[in-house]
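Pasted below: upload-v5.txt, compact mmCIF, C-alpha atoms.
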# COMPACT_ATOMS: atom_id res chain seq x y z
CA MET X 1 29.08 39.46 4.65
CA SER X 2 30.60 40.29 1.25
CA THR X 3 28.53 41.21 -1.79
CA ILE X 4 29.58 37.99 -3.57
CA ARG X 5 28.38 35.96 -0.58
CA PHE X 6 25.02 37.75 -0.63
CA ILE X 7 24.58 36.93 -4.32
CA GLU X 8 25.65 33.29 -3.93
CA GLU X 9 23.28 32.77 -1.01
CA PHE X 10 20.42 34.39 -2.95
CA LEU X 11 21.05 32.28 -6.06
CA ASN X 12 21.07 29.11 -3.93
CA TYR X 13 17.77 30.21 -2.41
CA ILE X 14 15.97 30.76 -5.73
CA THR X 15 17.41 27.50 -7.08
CA LEU X 16 16.79 25.17 -4.15
CA GLU X 17 13.86 26.72 -2.32
CA ARG X 18 12.01 28.59 -5.06
CA GLY X 19 12.75 25.93 -7.67
CA LEU X 20 13.47 28.41 -10.48
CA SER X 21 14.90 27.03 -13.70
CA ALA X 22 18.61 27.16 -14.52
CA ASN X 23 17.89 29.70 -17.28
CA THR X 24 16.03 32.03 -14.90
CA VAL X 25 18.75 31.75 -12.25
CA ALA X 26 21.41 32.57 -14.86
CA ALA X 27 19.41 35.63 -15.97
CA TYR X 28 19.07 36.84 -12.36
CA LYS X 29 22.80 36.41 -11.87
CA ARG X 30 23.65 38.46 -14.98
CA ASP X 31 21.33 41.28 -13.92
CA LEU X 32 22.70 41.35 -10.37
CA VAL X 33 26.30 41.42 -11.63
CA LYS X 34 25.33 44.39 -13.81
CA PHE X 35 23.73 46.10 -10.78
CA PHE X 36 26.75 45.63 -8.54
CA LYS X 37 29.13 46.86 -11.23
CA TYR X 38 27.05 50.04 -11.33
CA LEU X 39 27.31 50.36 -7.52
CA GLU X 40 31.06 49.76 -7.63
CA ASN X 41 31.50 52.50 -10.23
CA ASP X 42 29.39 54.78 -8.03
CA GLY X 43 31.59 54.10 -4.99
CA LYS X 44 29.01 52.02 -3.11
CA SER X 45 29.85 48.53 -1.92
CA ASP X 46 27.56 47.74 1.03
CA VAL X 47 24.04 46.69 0.00
CA ARG X 48 22.82 47.14 3.57
CA VAL X 49 23.01 50.93 3.40
CA LEU X 50 21.53 51.53 -0.06
CA LYS X 51 18.62 53.95 -0.47
CA HIS X 52 15.80 54.25 -2.99
CA GLY X 53 17.76 56.87 -4.93
CA ASP X 54 20.62 54.44 -5.47
CA ILE X 55 18.28 51.99 -7.18
CA VAL X 56 16.66 54.73 -9.27
CA GLY X 57 20.14 55.75 -10.43
CA PHE X 58 20.70 52.22 -11.70
CA VAL X 59 17.43 52.36 -13.67
CA TYR X 60 18.50 55.65 -15.29
CA VAL X 61 21.80 54.06 -16.32
CA LEU X 62 19.90 51.16 -17.93
CA LYS X 63 17.72 53.62 -19.86
CA GLU X 64 20.79 55.55 -21.03
CA MET X 65 22.13 52.27 -22.43
CA ASP X 66 19.13 52.31 -24.79
CA LEU X 67 18.01 48.85 -23.71
CA LYS X 68 14.60 47.44 -24.54
CA ALA X 69 11.87 48.00 -21.95
CA SER X 70 11.68 44.23 -21.44
CA SER X 71 15.41 44.06 -20.59
CA ILE X 72 15.11 46.95 -18.14
CA ALA X 73 12.04 45.39 -16.53
CA ARG X 74 13.84 42.05 -16.12
CA SER X 75 16.81 43.75 -14.41
CA ILE X 76 14.47 45.61 -12.06
CA VAL X 77 12.67 42.39 -11.16
CA ALA X 78 15.99 40.70 -10.37
CA VAL X 79 17.06 43.55 -8.08
CA LYS X 80 13.64 43.68 -6.40
CA VAL X 81 13.57 39.94 -5.68
CA PHE X 82 17.12 40.14 -4.36
CA PHE X 83 16.29 42.89 -1.86
CA ARG X 84 13.09 41.14 -0.81
CA TYR X 85 15.26 38.17 0.03
CA LEU X 86 17.63 40.33 2.08
CA VAL X 87 14.67 41.68 4.07
CA SER X 88 13.25 38.20 4.62
CA GLN X 89 16.62 37.05 6.00
CA ARG X 90 16.86 40.21 8.15
CA TYR X 91 20.08 41.34 6.53
CA ILE X 92 18.37 44.70 5.99
CA LYS X 93 15.36 46.31 7.68
CA GLU X 94 13.89 48.28 4.79
CA ASP X 95 13.58 47.43 1.11
CA PRO X 96 14.96 50.29 -1.05
CA THR X 97 13.15 48.91 -4.11
CA GLU X 98 9.69 48.89 -2.49
CA LEU X 99 8.39 51.94 -4.40
CA LEU X 100 10.25 51.17 -7.60
CA GLU X 101 8.03 50.73 -10.66
CA SER X 102 8.89 48.65 -13.69
CA PRO X 103 8.53 50.23 -17.13
CA ARG X 104 5.32 49.45 -18.98
CA LEU X 105 5.89 46.81 -21.57
CA ALA X 106 4.35 47.21 -24.98
CA LYS X 107 2.37 44.16 -26.01
CA TYR X 108 3.78 42.71 -29.18
CA LEU X 109 2.20 40.38 -31.68
CA PRO X 110 4.44 37.37 -32.27
CA ASP X 111 5.29 36.10 -35.73
CA VAL X 112 2.97 33.28 -36.72
CA LEU X 113 3.04 30.85 -39.62
CA SER X 114 -0.12 30.10 -41.55
CA VAL X 115 -1.40 26.53 -41.58
CA GLY X 116 -0.07 26.24 -45.12
CA GLU X 117 3.37 27.50 -44.09
CA VAL X 118 3.56 25.03 -41.20
CA ASP X 119 2.61 22.21 -43.58
CA LYS X 120 5.25 23.40 -46.05
CA PHE X 121 7.88 23.58 -43.28
CA LEU X 122 7.15 20.10 -41.94
CA LYS X 123 7.02 18.52 -45.42
CA ILE X 124 10.50 19.83 -46.27
CA ILE X 125 11.97 17.59 -43.52
CA ARG X 126 11.97 14.42 -45.57
CA GLY X 127 14.43 11.60 -46.07
CA ASP X 128 15.47 8.33 -44.45
CA ARG X 129 18.62 9.65 -42.81
CA VAL X 130 18.69 9.38 -39.01
CA LYS X 131 18.94 13.16 -38.76
CA HIS X 132 15.79 13.74 -40.81
CA ILE X 133 13.76 11.18 -38.83
CA ARG X 134 14.78 12.86 -35.57
CA ASP X 135 14.20 16.40 -36.79
CA ARG X 136 10.79 15.55 -38.22
CA ALA X 137 9.77 14.07 -34.84
CA CYS X 138 11.05 17.17 -33.00
CA PHE X 139 9.12 19.69 -35.06
CA GLU X 140 5.96 17.62 -35.49
CA LEU X 141 5.85 17.38 -31.71
CA MET X 142 6.51 21.09 -31.14
CA TYR X 143 3.67 22.10 -33.44
CA ALA X 144 1.34 19.38 -32.11
CA THR X 145 1.80 20.43 -28.47
CA GLY X 146 2.98 24.06 -28.44
CA MET X 147 5.76 23.18 -26.02
CA ARG X 148 8.76 25.42 -25.41
CA VAL X 149 12.14 24.43 -26.83
CA SER X 150 13.52 24.06 -23.27
CA GLU X 151 10.71 21.60 -22.53
CA LEU X 152 11.35 19.63 -25.72
CA VAL X 153 15.07 19.07 -25.13
CA ASN X 154 14.40 17.84 -21.57
CA LEU X 155 11.75 15.27 -22.49
CA LYS X 156 12.45 11.76 -21.22
CA LEU X 157 11.19 8.40 -22.49
CA PRO X 158 8.71 7.82 -19.61
CA ASP X 159 7.09 11.19 -20.44
CA ILE X 160 5.37 9.71 -23.52
CA ASP X 161 2.26 7.54 -23.29
CA PHE X 162 1.48 6.22 -26.77
CA LYS X 163 -1.62 4.32 -25.59
CA LEU X 164 -3.29 7.48 -24.29
CA GLY X 165 -1.70 9.71 -26.93
CA ILE X 166 -0.38 12.18 -24.35
CA ILE X 167 2.96 13.62 -23.29
CA ARG X 168 3.99 14.87 -19.86
CA CYS X 169 5.80 18.16 -19.97
CA MET X 170 7.75 19.97 -17.24
CA GLY X 171 7.29 23.72 -17.71
CA LYS X 172 8.52 26.90 -16.06
CA GLY X 173 8.88 26.78 -12.30
CA GLY X 174 8.77 22.98 -12.35
CA LYS X 175 5.04 22.96 -13.23
CA GLU X 176 3.96 19.73 -14.86
CA ARG X 177 1.23 19.56 -17.50
CA ILE X 178 -0.25 16.87 -19.73
CA ILE X 179 -0.62 17.65 -23.43
CA PRO X 180 -2.44 15.52 -26.04
CA MET X 181 -0.55 14.60 -29.21
CA GLY X 182 -2.02 14.22 -32.69
CA LYS X 183 -1.53 11.03 -34.71
CA LEU X 184 1.04 12.62 -37.05
CA ALA X 185 3.23 13.60 -34.10
CA GLN X 186 2.82 10.19 -32.46
CA ASP X 187 3.79 8.39 -35.67
CA ALA X 188 6.83 10.64 -36.15
CA ILE X 189 8.07 10.05 -32.59
CA SER X 190 7.40 6.31 -32.81
CA ASP X 191 9.40 6.09 -36.06
CA TYR X 192 12.23 8.06 -34.48
CA ILE X 193 12.42 5.92 -31.32
CA GLN X 194 12.27 2.66 -33.27
CA ASP X 195 14.51 3.51 -36.23
CA ALA X 196 16.83 6.40 -35.38
CA ARG X 197 17.36 7.01 -31.67
CA GLY X 198 19.48 3.88 -31.13
CA GLN X 199 21.72 4.81 -34.06
CA LEU X 200 22.35 8.25 -32.57
CA LEU X 201 23.10 6.75 -29.14
CA LYS X 202 25.40 4.10 -30.67
CA GLU X 203 26.38 2.16 -27.53
CA LYS X 204 25.58 4.92 -25.06
CA GLU X 205 22.54 5.19 -22.81
CA SER X 206 20.35 8.22 -22.18
CA LYS X 207 17.05 8.96 -20.45
CA TYR X 208 16.35 11.82 -22.90
CA ILE X 209 14.22 11.33 -26.00
CA PHE X 210 15.96 13.58 -28.51
CA ILE X 211 19.62 12.76 -29.04
CA SER X 212 22.39 14.65 -30.85
CA LYS X 213 24.94 13.04 -33.18
CA ASN X 214 27.33 12.91 -30.18
CA GLY X 215 24.97 10.67 -28.22
CA THR X 216 23.94 13.36 -25.72
CA ASN X 217 20.57 15.05 -25.45
CA ILE X 218 20.05 17.65 -28.15
CA SER X 219 20.61 21.29 -27.17
CA ARG X 220 18.32 24.32 -27.49
CA GLN X 221 20.92 25.98 -29.70
CA MET X 222 20.82 23.05 -32.14
CA ILE X 223 17.01 23.24 -32.35
CA TRP X 224 17.32 26.96 -33.19
CA LYS X 225 19.83 26.21 -35.96
CA LEU X 226 17.75 23.39 -37.40
CA ILE X 227 14.48 25.31 -37.51
CA ARG X 228 16.10 28.25 -39.29
CA SER X 229 17.78 25.93 -41.77
CA TYR X 230 14.56 24.09 -42.64
CA ALA X 231 12.58 27.36 -42.86
CA ALA X 232 15.11 28.61 -45.42
CA LEU X 233 14.82 25.36 -47.39
CA ALA X 234 11.04 25.75 -47.37
CA ASN X 235 11.41 29.31 -48.72
CA ILE X 236 9.59 30.80 -45.74
CA SER X 237 10.51 34.48 -45.63
CA LYS X 238 9.29 35.10 -42.08
CA LYS X 239 11.77 35.04 -39.21
CA VAL X 240 11.18 31.56 -37.79
CA SER X 241 12.25 30.39 -34.34
CA PRO X 242 11.17 27.51 -32.06
CA HIS X 243 8.74 29.93 -30.42
CA THR X 244 7.13 30.57 -33.83
CA LEU X 245 5.76 27.02 -33.81
CA ARG X 246 4.41 27.60 -30.29
CA HIS X 247 2.74 30.84 -31.37
CA SER X 248 1.32 29.15 -34.47
CA PHE X 249 -0.04 26.26 -32.38
CA ALA X 250 -1.96 28.65 -30.11
CA THR X 251 -3.22 30.88 -32.91
CA HIS X 252 -4.47 28.00 -35.06
CA LEU X 253 -6.38 26.50 -32.12
CA LEU X 254 -8.10 29.82 -31.37
CA GLU X 255 -8.89 30.38 -35.05
CA ARG X 256 -10.78 27.08 -34.99
CA GLY X 257 -12.80 28.00 -31.91
CA ALA X 258 -10.75 26.59 -29.02
CA ASP X 259 -11.55 28.06 -25.60
CA LEU X 260 -8.94 30.54 -24.34
CA ARG X 261 -8.69 28.74 -20.98
CA ILE X 262 -7.92 25.45 -22.70
CA VAL X 263 -5.19 27.09 -24.77
CA GLN X 264 -3.80 28.63 -21.56
CA GLU X 265 -3.67 25.16 -19.99
CA LEU X 266 -1.97 23.63 -23.04
CA LEU X 267 0.65 26.38 -23.20
CA GLY X 268 1.34 26.24 -19.46
CA HIS X 269 0.67 29.95 -18.90
CA SER X 270 0.12 30.77 -15.25
CA ASN X 271 -1.73 33.99 -16.16
CA ILE X 272 -4.58 34.21 -18.68
CA SER X 273 -3.38 37.68 -19.74
CA THR X 274 -0.30 36.06 -21.30
CA THR X 275 -2.54 33.88 -23.46
CA GLN X 276 -4.83 36.77 -24.39
CA ILE X 277 -2.19 38.20 -26.72
CA TYR X 278 -3.27 35.53 -29.21
CA THR X 279 -6.81 36.91 -29.25
CA HIS X 280 -5.37 40.27 -30.38
CA LEU X 281 -3.44 38.46 -33.10
CA ASN X 282 -6.59 36.66 -34.18
CA LYS X 283 -8.59 39.91 -34.32
CA ASP X 284 -5.96 41.55 -36.51
CA ARG X 285 -6.06 38.60 -38.90
CA LEU X 286 -9.86 38.72 -39.06
CA LYS X 287 -9.73 42.45 -39.81
CA SER X 288 -7.21 41.80 -42.57
CA ILE X 289 -9.41 39.11 -44.14
CA HIS X 290 -12.50 41.34 -43.84
CA HIS X 291 -10.70 44.23 -45.51
CA LYS X 292 -9.39 42.01 -48.31
CA PHE X 293 -12.60 40.18 -49.20
CA HIS X 294 -15.55 42.36 -48.18
CA PRO X 295 -17.11 44.16 -51.18
CA ARG X 296 -17.21 47.42 -49.23
CA PRO X 297 -13.99 47.43 -47.11
Starting from the file, give its structure as structure tokens.
Amino acid sequence: MSTIRFIEEFLNYITLERGLSANTVAAYKRDLVKFFKYLENDGKSDVRVLKHGDIVGFVYVLKEMDLKASSIARSIVAVKVFFRYLVSQRYIKEDPTELLESPRLAKYLPDVLSVGEVDKFLKIIRGDRVKHIRDRACFELMYATGMRVSELVNLKLPDIDFKLGIIRCMGKGGKERIIPMGKLAQDAISDYIQDARGQLLKEKESKYIFISKNGTNISRQMIWKLIRSYAALANISKKVSPHTLRHSFATHLLERGADLRIVQELLGHSNISTTQIYTHLNKDRLKSIHHKFHPRP
């Protein structure tokens, strides 16, 4: 079987049987293409005869490219999962990546807006134009729920229950979760659906909630552009992205005493350690406040 056939079969497997998202599958594909280009340059074309040293050589090449540890780790994961698949299908007997370790990733503290900055950001999105009504609903909902931008753009009308004040969200790996919405977010979405969504659709039909000016569901790229534009209008100097609202949502809940497990559930984290990064952020903020206001810092 050719290398291309191996990759195609593997990508079908992680899409159809593992249920990985389109974004994850695309990332795996990019990393595997990079890996096989390295093998081709090294004069190796048959994955069935590769040894541990061949994989280590690829890792060294990645490090020489001065990539971030997170990018290297992602490439290693892609290669590892690929070879595990080959073993499971009995294309190879031994996994050459079995003893391969991923680089340790430094924990980073994400950028977070203060409550005042979030309020300032959301208040700048004012006006009666269809665009403003839609955008206000988008960002009120993102801050109210902490959902990812990929989850927001894929929301459908049946996902909202205004009576219960909840929204159903499909997260990573096809995992569904229910998130409560605050009244401000509910009012913003209700206004958008009643007054603006039909104007964006014109005579088209769509199952998606948030619609672009072309009548199709809004893209992740457009959300990125909009959030940066409004942050600039609000004179927020921090680097703001859709994930900034998610980080701010989690941090503000913890600052007000929310249980870490509840925040984990709301964010859709499969591992509590992913959520724990916000406790580090919270501790740093508390230290900063203590240092600033205590009479003997």
Problem set entry | Top pick for closest residue to Gly19 in chain X, considering X:Arg5, X:Lys172, X:His243, X:Lys44 and counting all atoms listed in the file | X:Lys172
Problem set entry | Who sits within 6 Å of range 246-256 of chain X, only C-alpha atoms, same chain under 6 positions skipped, as a list in words |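 Counting only the stated atoms, we get Val112, Leu113, Tyr143, Gly146 and Tyr278 of chain X.
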For range 251-255 of chain X, what centre and edge lengths in Å (one decimal) does the axis-aligned box get once 8 Å is added on each side of all its listed atoms, as AutoDock Vina command-line options?
--center_x -6.1 --center_y 28.7 --center_z -33.2 --size_x 21.7 --size_y 20.4 --size_z 19.7
Problem set entry | Minimum-distance residue to Val77 in chain X, chosen among X:Val47, X:Met65, X:Val130, X:Ala27 (using only C-alpha atoms) |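 Between X:Val47, X:Met65, X:Val130, X:Ala27, the residue approaching Val77 in chain X most closely is X:Ala27.
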For this session: Check the smallest atom-to-atom distance from each of X:Lys225, X:His52, X:Lys34, X:Lys156 to Glu101 in chain X using all atoms listed in the file, then report the winner.
Result: X:His52
Exercise. Of the candidates X:Asn12, X:Ser45, X:Ser150, X:Ser88, which shows the shortest atom-to-atom distance to Gln221 in chain X, using only C-alpha atoms?
Worked result: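 Using only C-alpha atoms, Gln221 in chain X sits closest to X:Ser150.
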For this session: Can you work out which one of X:Gly182, X:Tyr91, X:Asp195, X:Val79 has the shortest atom-to-atom distance to Asp128 in chain X, counting all atoms listed in the file?
Result: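 Distance minimum relative to Asp128 in chain X lands on X:Asp195.
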Exercise. Which is closer to Gln186 in chain X than all the others in X:Pro242, X:Gly43, X:Gly165, X:Gly57, using only C-alpha atoms?
Worked result: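 That would be X:Gly165, the residue with the smallest distance to Gln186 in chain X.
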For this session: Identify, on the basis of all atoms listed in the file, every residue whose closest approach to Thr97 in chain X does not exceed 12 Å; exclude the query and any residue fewer than 5 positions from it along the same chain; express the result as a ChimeraX atom specification.
Result: /X:47,50-59,76-87,102
Problem set entry | All residues 10 Å or closer to range 115-120 of chain X, all atoms listed in the file, same chain fewer than 4 positions away omitted, as a list in words | Ile124, Ile125, Phe139, Glu140, Tyr143, Tyr230, Ala231, Leu233, Ala234, Asn235, Ile236, Lys238, Thr244, Leu245, Ser248, Phe249, Thr251 and His252 of chain X
Exercise. Leu62 in chain X: which residues within 12 Å, counting all atoms listed in the file, same-chain residues fewer than 5 positions away excluded, as a list in words?
Worked result: Asp31, Lys34, Phe35, Tyr38, Ile55, Val56, Gly57, Leu67, Lys68, Ala69, Ser70, Ser71, Ile72, Ala73, Arg74, Ser75, Ile76 and Pro103 of chain X
Give me the residues near Thr216 in chain X as a short mmCIF file (atom, residue, chain, number, x, y, z; two decimals) with C-alpha atoms, in the coordinates of the input, where near means some atom within 10 Å (using all atoms listed in the file) and where sequence neighbours in that chain fewer than 5 positions away do not count.
data_model
loop_
_atom_site.label_atom_id
_atom_site.label_comp_id
_atom_site.auth_asym_id
_atom_site.auth_seq_id
_atom_site.Cartn_x
_atom_site.Cartn_y
_atom_site.Cartn_z
CA LEU X 200 22.35 8.25 -32.57
CA LEU X 201 23.10 6.75 -29.14
CA LYS X 204 25.58 4.92 -25.06
CA GLU X 205 22.54 5.19 -22.81
CA SER X 206 20.35 8.22 -22.18
CA LYS X 207 17.05 8.96 -20.45
CA TYR X 208 16.35 11.82 -22.90
CA ILE X 209 14.22 11.33 -26.00
CA PHE X 210 15.96 13.58 -28.51
CA ILE X 211 19.62 12.76 -29.04
#
Exercise. Rounded to one decimal in Å, what is the spacing between CA of Asp187 in chain X and CA of Ala137 in chain X?
Worked result: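 Between CA of Asp187 in chain X and CA of Ala137 in chain X the gap works out to 8.3 Å.
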